[in-house]
Amino acid sequence: MANSRFEYVKSFELGDSLLPGCWIVIRLDGRGFTKFSSAHGFEKPNDERALNLMNACAMAVMEEFGDIRIAYGESDEYSFAFHKTCTLYGRRASKLVSLVTSCFTANYALLWPKYFEDVPLQSTPMFDGRAVCYPNDDTLRDYFSWRQADTHVNNQYNTCFWALVKDGLSTTEAQRTLKGTQTKEKNEMLFERFGVNYNNLPEMFKKGSIVIRIQVEKPVKTLDDGSVVTRRKRVTSVLHEDLIAAAFWHKYPHIIE
């Protein structure tokens with residue numbers, strides 16, 4: 001940038017570098033997705049097409065930013081954790097949030113026809129983003145545990161709510177019916193009234209989606225004798241597992257390392 005008498009305006013810019021040595025979590029949330037989902041005929045309480053589209057967008061973000069170690073999503077929300085040693089863009093919050101949000105949103109529009117073949121995109125999908133620093137590994141794990149626990153609570157409620165609405169109740173009546181009910185009561189309602197065993201619902205609905213890089217054997221060439229030479233390679237993958245239990249983190253230690 002050439003020096004000029006106007007360069008003083010740079011002094012109004014505020015530094016926004018995030019704390020060093022902390023995990024950086026960028027969380028995205030869909031803006032106005034209640035209206036958006038209705039306009040595009042999303043299935044209630046869960047639309048598998050929409051969830052798979054969100055997962056594909058998250059995978060695209062992880063392919064773009066190598067410092068992201070793990071992502072987690074449910075409904076119209078996704079969280080991305082940059083490693084605590086990340087120095088990308090000087091750890092500037094504005095850069096990281098805007099780039100992750102724009103990458104995710106652009107892919108949502110780009111990939112829409114793949115998942116909604118017969119449904120044209122009628123309005124602009126938008127996501128807001130925020131950055132939060134978490135000081136250590138345990139706090140990061142607690143963050144993702146919080147999001148997965150929230151997924152279960154929301155999914156169980158929504159499964160009951162929409163079952164009641166589809167059975168003829170108004171939304172107000174369904175809310176009144178569920179007010180004050182606990183997990184056991186909701187499970188009993190689903191099974192006894194609608195014949196639905198909550199435990200048999202798809203894991204993606206109950207546990208959300210985890211995006212990490214895992215090692216797999218990839219063929220690299222075939223020898224003259226017909227044998228195949230493979231190499232271990234890390235690929236971006238979507239899982240639907242229990243990440244609250246310590247077993248998940250023991251199984252994939254490279255996330256934290």
# chains A, B, ... in the order shown; residues from 1 in each chain; ligands from 1
>>> select_by_dssp(residues="region 76-125 of chain A", states="alpha helix (DSSP H)", output="list in words")
Ala93, Ser94, Lys95, Leu96, Val97, Ser98, Leu99, Val100, Thr101, Ser102, Cys103, Phe104, Thr105, Ala106, Asn107, Tyr108, Ala109, Leu110, Leu111, Trp112, Pro113, Lys114 and Tyr115 of chain A
>>> residues_around(residues="Asp150 (chain A)", least_positions_apart="5", cutoff="10 Å", atoms="only C-alpha atoms", output="list of chain:residue names")
A:Glu74, A:Phe144, A:Ser145, A:Asn155, A:Gln156, A:Lys206, A:Lys207, A:Gly208
>>> closest_atom_pairs(of="region 22-91 of chain A", to="region 213-217 of chain A", cutoff="9 Å", atoms="only C-alpha atoms", output="CSV")
residue,atom,partner,partner_atom,distance
A:Met62,CA,A:Arg213,CA,8.9
A:Arg69,CA,A:Arg213,CA,7.6
A:Ile70,CA,A:Arg213,CA,7.9
>>> write_last_selection(atoms="N, CA, C and O atoms", output="PDB file, in the first residue's frame")
ATOM      1  N   MET A  62     -12.924 -28.332   6.434  1.00  0.00           N
ATOM      2  CA  MET A  62     -11.757 -29.015   6.989  1.00  0.00           C
ATOM      3  C   MET A  62     -10.691 -29.268   5.927  1.00  0.00           C
ATOM      4  O   MET A  62      -9.489 -29.238   6.217  1.00  0.00           O
ATOM      5  N   ARG A  69      -8.906 -29.518  13.788  1.00  0.00           N
ATOM      6  CA  ARG A  69      -8.711 -30.900  14.209  1.00  0.00           C
ATOM      7  C   ARG A  69     -10.008 -31.690  14.318  1.00  0.00           C
ATOM      8  O   ARG A  69     -10.022 -32.901  14.143  1.00  0.00           O
ATOM      9  N   ILE A  70     -11.092 -31.011  14.632  1.00  0.00           N
ATOM     10  CA  ILE A  70     -12.370 -31.694  14.801  1.00  0.00           C
ATOM     11  C   ILE A  70     -13.496 -30.694  14.570  1.00  0.00           C
ATOM     12  O   ILE A  70     -13.364 -29.501  14.871  1.00  0.00           O
TER      13      ILE A  70
END
>>> select_by_dssp(residues="region 85-254 of chain A", states="strand (DSSP E)", output="PyMOL selection string")
chain A and resi 127-134+209-222+228-239
>>> write_last_selection(atoms="N, CA and C atoms", output="CSV table (one decimal), in the first residue's frame")
chain,number,residue,atom,x,y,z
A,127,PHE,N,-25.3,-17.9,7.4
A,127,PHE,CA,-24.8,-18.4,8.7
A,127,PHE,C,-24.1,-17.3,9.4
A,128,ASP,N,-24.3,-17.2,10.7
A,128,ASP,CA,-23.5,-16.3,11.5
A,128,ASP,C,-22.4,-17.1,12.2
A,129,GLY,N,-21.3,-16.4,12.6
A,129,GLY,CA,-20.2,-17.1,13.2
A,129,GLY,C,-19.6,-16.4,14.3
A,130,ARG,N,-19.1,-17.1,15.3
A,130,ARG,CA,-18.4,-16.5,16.4
A,130,ARG,C,-17.2,-17.3,16.8
A,131,ALA,N,-16.2,-16.7,17.5
A,131,ALA,CA,-15.0,-17.4,17.9
A,131,ALA,C,-14.9,-17.4,19.4
A,132,VAL,N,-14.6,-18.5,20.0
A,132,VAL,CA,-14.5,-18.6,21.4
A,132,VAL,C,-13.2,-19.4,21.7
A,133,CYS,N,-12.4,-18.9,22.7
A,133,CYS,CA,-11.1,-19.6,23.0
A,133,CYS,C,-11.4,-20.5,24.2
A,134,TYR,N,-10.8,-21.7,24.2
A,134,TYR,CA,-10.9,-22.6,25.3
A,134,TYR,C,-9.5,-23.0,25.7
A,209,SER,N,-23.1,-35.1,14.2
A,209,SER,CA,-22.1,-35.6,13.3
A,209,SER,C,-20.7,-35.0,13.7
A,210,ILE,N,-19.7,-35.9,13.7
A,210,ILE,CA,-18.4,-35.5,14.0
A,210,ILE,C,-17.5,-35.7,12.8
A,211,VAL,N,-16.7,-34.6,12.5
A,211,VAL,CA,-15.9,-34.7,11.3
A,211,VAL,C,-14.4,-34.6,11.8
A,212,ILE,N,-13.7,-35.6,11.5
A,212,ILE,CA,-12.2,-35.7,11.8
A,212,ILE,C,-11.5,-36.3,10.7
A,213,ARG,N,-10.2,-36.3,10.8
A,213,ARG,CA,-9.3,-37.0,9.8
A,213,ARG,C,-8.9,-38.4,10.5
A,214,ILE,N,-9.2,-39.5,9.7
A,214,ILE,CA,-8.8,-40.8,10.2
A,214,ILE,C,-7.9,-41.5,9.2
A,215,GLN,N,-7.1,-42.4,9.7
A,215,GLN,CA,-6.1,-43.1,8.8
A,215,GLN,C,-6.8,-44.3,8.2
A,216,VAL,N,-6.6,-44.4,6.9
A,216,VAL,CA,-7.2,-45.5,6.2
A,216,VAL,C,-6.1,-46.0,5.2
A,217,GLU,N,-6.3,-47.3,4.8
A,217,GLU,CA,-5.3,-47.9,3.8
A,217,GLU,C,-5.8,-47.5,2.4
A,218,LYS,N,-4.9,-46.8,1.6
A,218,LYS,CA,-5.3,-46.4,0.3
A,218,LYS,C,-4.4,-47.1,-0.7
A,219,PRO,N,-5.0,-47.8,-1.8
A,219,PRO,CA,-4.1,-48.4,-2.8
A,219,PRO,C,-3.3,-47.3,-3.6
A,220,VAL,N,-2.1,-47.6,-3.8
A,220,VAL,CA,-1.3,-46.6,-4.5
A,220,VAL,C,-0.8,-47.2,-5.9
A,221,LYS,N,-0.6,-48.5,-5.9
A,221,LYS,CA,-0.2,-49.1,-7.2
A,221,LYS,C,-0.4,-50.6,-7.2
A,222,THR,N,-0.6,-51.2,-8.4
A,222,THR,CA,-0.7,-52.7,-8.5
A,222,THR,C,0.6,-53.2,-9.1
A,228,VAL,N,-1.5,-55.6,-4.5
A,228,VAL,CA,-1.8,-54.1,-4.4
A,228,VAL,C,-0.9,-53.5,-3.2
A,229,VAL,N,-0.2,-52.5,-3.6
A,229,VAL,CA,0.6,-51.8,-2.6
A,229,VAL,C,-0.3,-50.7,-2.0
A,230,THR,N,-0.4,-50.6,-0.7
A,230,THR,CA,-1.2,-49.6,0.0
A,230,THR,C,-0.4,-48.7,0.9
A,231,ARG,N,-0.9,-47.5,1.2
A,231,ARG,CA,-0.3,-46.6,2.1
A,231,ARG,C,-1.3,-46.1,3.0
A,232,ARG,N,-0.9,-45.9,4.3
A,232,ARG,CA,-1.8,-45.3,5.2
A,232,ARG,C,-1.9,-43.8,5.0
A,233,LYS,N,-3.2,-43.3,4.9
A,233,LYS,CA,-3.4,-41.9,4.6
A,233,LYS,C,-4.6,-41.4,5.5
A,234,ARG,N,-4.4,-40.2,5.9
A,234,ARG,CA,-5.5,-39.6,6.7
A,234,ARG,C,-6.5,-38.9,5.8
A,235,VAL,N,-7.8,-39.3,5.9
A,235,VAL,CA,-8.9,-38.7,5.1
A,235,VAL,C,-9.9,-38.1,6.0
A,236,THR,N,-10.6,-37.1,5.5
A,236,THR,CA,-11.7,-36.5,6.3
A,236,THR,C,-12.9,-37.3,6.2
A,237,SER,N,-13.4,-37.6,7.4
A,237,SER,CA,-14.5,-38.6,7.5
A,237,SER,C,-15.6,-38.1,8.5
A,238,VAL,N,-16.8,-38.5,8.3
A,238,VAL,CA,-18.0,-38.1,9.2
A,238,VAL,C,-18.3,-39.3,10.0
A,239,LEU,N,-18.4,-39.1,11.3
A,239,LEU,CA,-18.7,-40.2,12.3
A,239,LEU,C,-19.9,-39.8,13.1
>>> closest_atom_pairs(of="region 105-142 of chain A", to="region 39-46 of chain A", cutoff="9 Å", atoms="only C-alpha atoms", output="tab-separated table")
residue	atom	partner	partner_atom	distance
A:Val119	CA	A:His40	CA	6.9
A:Pro120	CA	A:His40	CA	8.1
A:Leu121	CA	A:His40	CA	7.5
A:Gln122	CA	A:His40	CA	7.4
A:Ser123	CA	A:Ala39	CA	8.5
>>> atom_distance(atom1="CA of Gly66 (chain A)", atom2="CA of Thr101 (chain A)")
15.7 Å
>>> residues_around(residues="region 47-54 of chain A", least_positions_apart="2", cutoff="9 Å", atoms="only C-alpha atoms", output="PyMOL selection string")
chain A and resi 37+42-45+56-59+73-78+104+107-108+111-112+114-116+204-205+208-209
>>> write_last_selection(atoms="N, CA and C atoms", output="tab-separated table (two decimals), in the first residue's frame")
chain	number	residue	atom	x	y	z
A	37	SER	N	-36.10	-23.53	6.23
A	37	SER	CA	-36.44	-24.95	6.15
A	37	SER	C	-37.89	-25.16	5.71
A	42	PHE	N	-38.30	-28.94	4.31
A	42	PHE	CA	-37.51	-29.88	5.10
A	42	PHE	C	-38.43	-30.82	5.87
A	43	GLU	N	-38.04	-32.08	5.94
A	43	GLU	CA	-38.80	-33.05	6.72
A	43	GLU	C	-38.59	-32.79	8.21
A	44	LYS	N	-39.63	-32.99	9.00
A	44	LYS	CA	-39.57	-32.77	10.45
A	44	LYS	C	-39.69	-34.10	11.18
A	45	PRO	N	-38.93	-34.31	12.26
A	45	PRO	CA	-38.04	-33.35	12.92
A	45	PRO	C	-36.63	-33.29	12.33
A	56	ALA	N	-21.31	-32.26	4.43
A	56	ALA	CA	-20.46	-32.06	3.26
A	56	ALA	C	-19.78	-30.69	3.30
A	57	CYS	N	-20.51	-29.69	3.77
A	57	CYS	CA	-19.93	-28.34	3.90
A	57	CYS	C	-18.83	-28.33	4.95
A	58	ALA	N	-19.06	-29.04	6.05
A	58	ALA	CA	-18.05	-29.11	7.10
A	58	ALA	C	-16.79	-29.82	6.61
A	59	MET	N	-16.96	-30.87	5.81
A	59	MET	CA	-15.81	-31.56	5.25
A	59	MET	C	-15.02	-30.64	4.32
A	73	GLY	N	-21.45	-31.11	14.30
A	73	GLY	CA	-22.63	-30.42	13.84
A	73	GLY	C	-23.92	-31.13	14.17
A	74	GLU	N	-24.97	-30.34	14.28
A	74	GLU	CA	-26.34	-30.84	14.44
A	74	GLU	C	-27.29	-29.75	13.99
A	75	SER	N	-28.39	-30.16	13.41
A	75	SER	CA	-29.40	-29.22	12.91
A	75	SER	C	-28.74	-28.22	11.97
A	76	ASP	N	-28.85	-26.91	12.27
A	76	ASP	CA	-28.25	-25.88	11.40
A	76	ASP	C	-27.03	-25.26	12.05
A	77	GLU	N	-26.33	-26.04	12.85
A	77	GLU	CA	-25.18	-25.54	13.62
A	77	GLU	C	-23.95	-26.41	13.34
A	78	TYR	N	-22.77	-25.76	13.30
A	78	TYR	CA	-21.51	-26.51	13.19
A	78	TYR	C	-20.42	-25.77	13.95
A	104	PHE	N	-18.07	-22.16	4.40
A	104	PHE	CA	-19.20	-23.06	4.69
A	104	PHE	C	-20.43	-22.63	3.89
A	107	ASN	N	-20.18	-23.29	0.10
A	107	ASN	CA	-20.35	-24.71	-0.21
A	107	ASN	C	-21.80	-25.15	-0.03
A	108	TYR	N	-22.51	-24.54	0.91
A	108	TYR	CA	-23.92	-24.88	1.11
A	108	TYR	C	-24.71	-24.60	-0.17
A	111	LEU	N	-23.29	-26.98	-3.15
A	111	LEU	CA	-23.62	-28.40	-3.05
A	111	LEU	C	-25.12	-28.68	-2.94
A	112	TRP	N	-25.92	-27.64	-2.81
A	112	TRP	CA	-27.36	-27.81	-2.64
A	112	TRP	C	-27.99	-28.75	-3.68
A	114	LYS	N	-26.89	-31.24	-5.22
A	114	LYS	CA	-26.50	-32.64	-5.03
A	114	LYS	C	-27.39	-33.33	-4.01
A	115	TYR	N	-27.84	-32.59	-3.00
A	115	TYR	CA	-28.63	-33.18	-1.92
A	115	TYR	C	-30.12	-32.89	-2.04
A	116	PHE	N	-30.47	-31.83	-2.75
A	116	PHE	CA	-31.87	-31.49	-2.98
A	116	PHE	C	-32.10	-31.40	-4.50
A	204	MET	N	-27.13	-40.44	13.57
A	204	MET	CA	-26.90	-39.04	13.20
A	204	MET	C	-27.91	-38.12	13.86
A	205	PHE	N	-29.15	-38.59	13.99
A	205	PHE	CA	-30.17	-37.77	14.63
A	205	PHE	C	-29.92	-37.64	16.13
A	208	GLY	N	-25.62	-36.46	16.49
A	208	GLY	CA	-25.01	-35.43	15.67
A	208	GLY	C	-23.90	-36.02	14.81
A	209	SER	N	-23.13	-35.14	14.18
A	209	SER	CA	-22.08	-35.56	13.26
A	209	SER	C	-20.72	-35.02	13.68
>>> residues_around(residues="Gly90 (chain A)", least_positions_apart="2", cutoff="10 Å", atoms="only C-alpha atoms", output="list in words")
Asp16, Ser17, Leu18, Pro20, Cys86, Thr87, Leu88, Arg92, Ala93, Lys95 and Leu96 of chain A
>>> write_last_selection(atoms="all heavy atoms", output="short mmCIF file (atom, residue, chain, number, x, y, z; two decimals), in the first residue's frame")
data_model
loop_
_atom_site.label_atom_id
_atom_site.label_comp_id
_atom_site.auth_asym_id
_atom_site.auth_seq_id
_atom_site.Cartn_x
_atom_site.Cartn_y
_atom_site.Cartn_z
N ASP A 16 -7.46 -7.86 16.82
CA ASP A 16 -8.41 -8.86 17.35
C ASP A 16 -7.79 -10.25 17.38
O ASP A 16 -8.48 -11.25 17.17
CB ASP A 16 -9.71 -8.86 16.55
CG ASP A 16 -9.51 -9.24 15.08
OD1 ASP A 16 -8.35 -9.29 14.62
OD2 ASP A 16 -10.52 -9.49 14.39
N SER A 17 -6.47 -10.31 17.62
CA SER A 17 -5.81 -11.61 17.71
C SER A 17 -6.31 -12.36 18.95
O SER A 17 -6.37 -11.79 20.04
CB SER A 17 -4.30 -11.44 17.77
OG SER A 17 -3.80 -10.93 16.56
N LEU A 18 -6.64 -13.62 18.77
CA LEU A 18 -7.14 -14.43 19.87
C LEU A 18 -5.99 -14.93 20.75
O LEU A 18 -4.84 -15.02 20.31
CB LEU A 18 -7.93 -15.62 19.31
CG LEU A 18 -9.19 -15.21 18.53
CD1 LEU A 18 -9.71 -16.38 17.71
CD2 LEU A 18 -10.26 -14.70 19.47
N PRO A 20 -3.11 -16.67 22.61
CA PRO A 20 -2.24 -17.77 22.18
C PRO A 20 -2.36 -18.97 23.10
O PRO A 20 -2.75 -18.84 24.26
CB PRO A 20 -0.84 -17.14 22.26
CG PRO A 20 -0.97 -16.09 23.32
CD PRO A 20 -2.36 -15.54 23.18
N CYS A 86 -2.25 -23.17 16.49
CA CYS A 86 -2.56 -22.53 15.22
C CYS A 86 -2.07 -21.07 15.20
O CYS A 86 -2.30 -20.32 16.15
CB CYS A 86 -4.06 -22.57 14.97
SG CYS A 86 -4.63 -21.58 13.58
N THR A 87 -1.41 -20.69 14.11
CA THR A 87 -0.97 -19.29 13.92
C THR A 87 -1.56 -18.69 12.65
O THR A 87 -1.13 -17.63 12.20
CB THR A 87 0.56 -19.22 13.86
OG1 THR A 87 1.04 -20.05 12.78
CG2 THR A 87 1.19 -19.67 15.17
N LEU A 88 -2.53 -19.37 12.08
CA LEU A 88 -3.13 -18.94 10.83
C LEU A 88 -3.67 -17.52 10.93
O LEU A 88 -4.41 -17.19 11.86
CB LEU A 88 -4.26 -19.91 10.46
CG LEU A 88 -4.89 -19.78 9.08
CD1 LEU A 88 -3.88 -20.09 7.99
CD2 LEU A 88 -6.09 -20.71 8.97
N ARG A 92 -6.20 -13.94 14.08
CA ARG A 92 -7.16 -12.83 14.08
C ARG A 92 -8.58 -13.37 14.00
O ARG A 92 -8.93 -14.11 13.06
CB ARG A 92 -6.87 -11.87 12.94
CG ARG A 92 -5.59 -11.08 13.11
CD ARG A 92 -5.30 -10.25 11.87
NE ARG A 92 -6.41 -9.34 11.56
CZ ARG A 92 -6.47 -8.65 10.43
NH1 ARG A 92 -5.53 -8.77 9.52
NH2 ARG A 92 -7.49 -7.84 10.22
N ALA A 93 -9.41 -13.01 14.95
CA ALA A 93 -10.79 -13.51 15.02
C ALA A 93 -11.58 -13.15 13.77
O ALA A 93 -12.31 -13.98 13.22
CB ALA A 93 -11.49 -12.96 16.26
N LYS A 95 -10.59 -12.59 10.72
CA LYS A 95 -10.17 -13.39 9.57
C LYS A 95 -10.71 -14.82 9.66
O LYS A 95 -11.29 -15.35 8.71
CB LYS A 95 -8.64 -13.42 9.50
CG LYS A 95 -8.01 -12.19 8.90
CD LYS A 95 -8.07 -12.23 7.38
CE LYS A 95 -7.21 -11.15 6.76
NZ LYS A 95 -7.24 -11.20 5.28
N LEU A 96 -10.49 -15.46 10.81
CA LEU A 96 -10.89 -16.86 10.95
C LEU A 96 -12.39 -17.03 10.86
O LEU A 96 -12.89 -17.93 10.17
CB LEU A 96 -10.37 -17.41 12.28
CG LEU A 96 -8.84 -17.48 12.41
CD1 LEU A 96 -8.44 -17.95 13.81
CD2 LEU A 96 -8.24 -18.41 11.37
#
>>> atom_distance(atom1="CA of Tyr89 (chain A)", atom2="CA of Gly15 (chain A)")
12.1 Å
>>> closest_residue(among="A:Thr181, A:Ser170, A:Ser38, A:Ser94", to="Tyr157 (chain A)", atoms="only C-alpha atoms")
A:Thr181
>>> atom_distance(atom1="CA of Asn154 (chain A)", atom2="CA of Cys22 (chain A)")
29.1 Å
>>> decode(residues="region 217-239 of chain A", atoms="C-alpha atoms", output="JSON list (two decimals), in the first residue's frame")
[["chain", "number", "residue", "atom", "x", "y", "z"],
["A", 217, "GLU", "CA", -5.34, -47.86, 3.82],
["A", 218, "LYS", "CA", -5.29, -46.43, 0.29],
["A", 219, "PRO", "CA", -4.11, -48.41, -2.77],
["A", 220, "VAL", "CA", -1.25, -46.63, -4.55],
["A", 221, "LYS", "CA", -0.24, -49.13, -7.23],
["A", 222, "THR", "CA", -0.69, -52.68, -8.47],
["A", 223, "LEU", "CA", 2.41, -54.84, -8.92],
["A", 224, "ASP", "CA", 3.05, -57.20, -11.83],
["A", 225, "ASP", "CA", 2.02, -60.18, -9.71],
["A", 226, "GLY", "CA", -1.38, -58.58, -9.09],
["A", 227, "SER", "CA", -0.74, -57.61, -5.47],
["A", 228, "VAL", "CA", -1.76, -54.14, -4.38],
["A", 229, "VAL", "CA", 0.56, -51.76, -2.56],
["A", 230, "THR", "CA", -1.21, -49.59, -0.01],
["A", 231, "ARG", "CA", -0.26, -46.60, 2.09],
["A", 232, "ARG", "CA", -1.84, -45.27, 5.23],
["A", 233, "LYS", "CA", -3.41, -41.88, 4.63],
["A", 234, "ARG", "CA", -5.53, -39.55, 6.70],
["A", 235, "VAL", "CA", -8.87, -38.74, 5.10],
["A", 236, "THR", "CA", -11.65, -36.46, 6.26],
["A", 237, "SER", "CA", -14.54, -38.59, 7.53],
["A", 238, "VAL", "CA", -17.95, -38.15, 9.15],
["A", 239, "LEU", "CA", -18.71, -40.19, 12.28]]
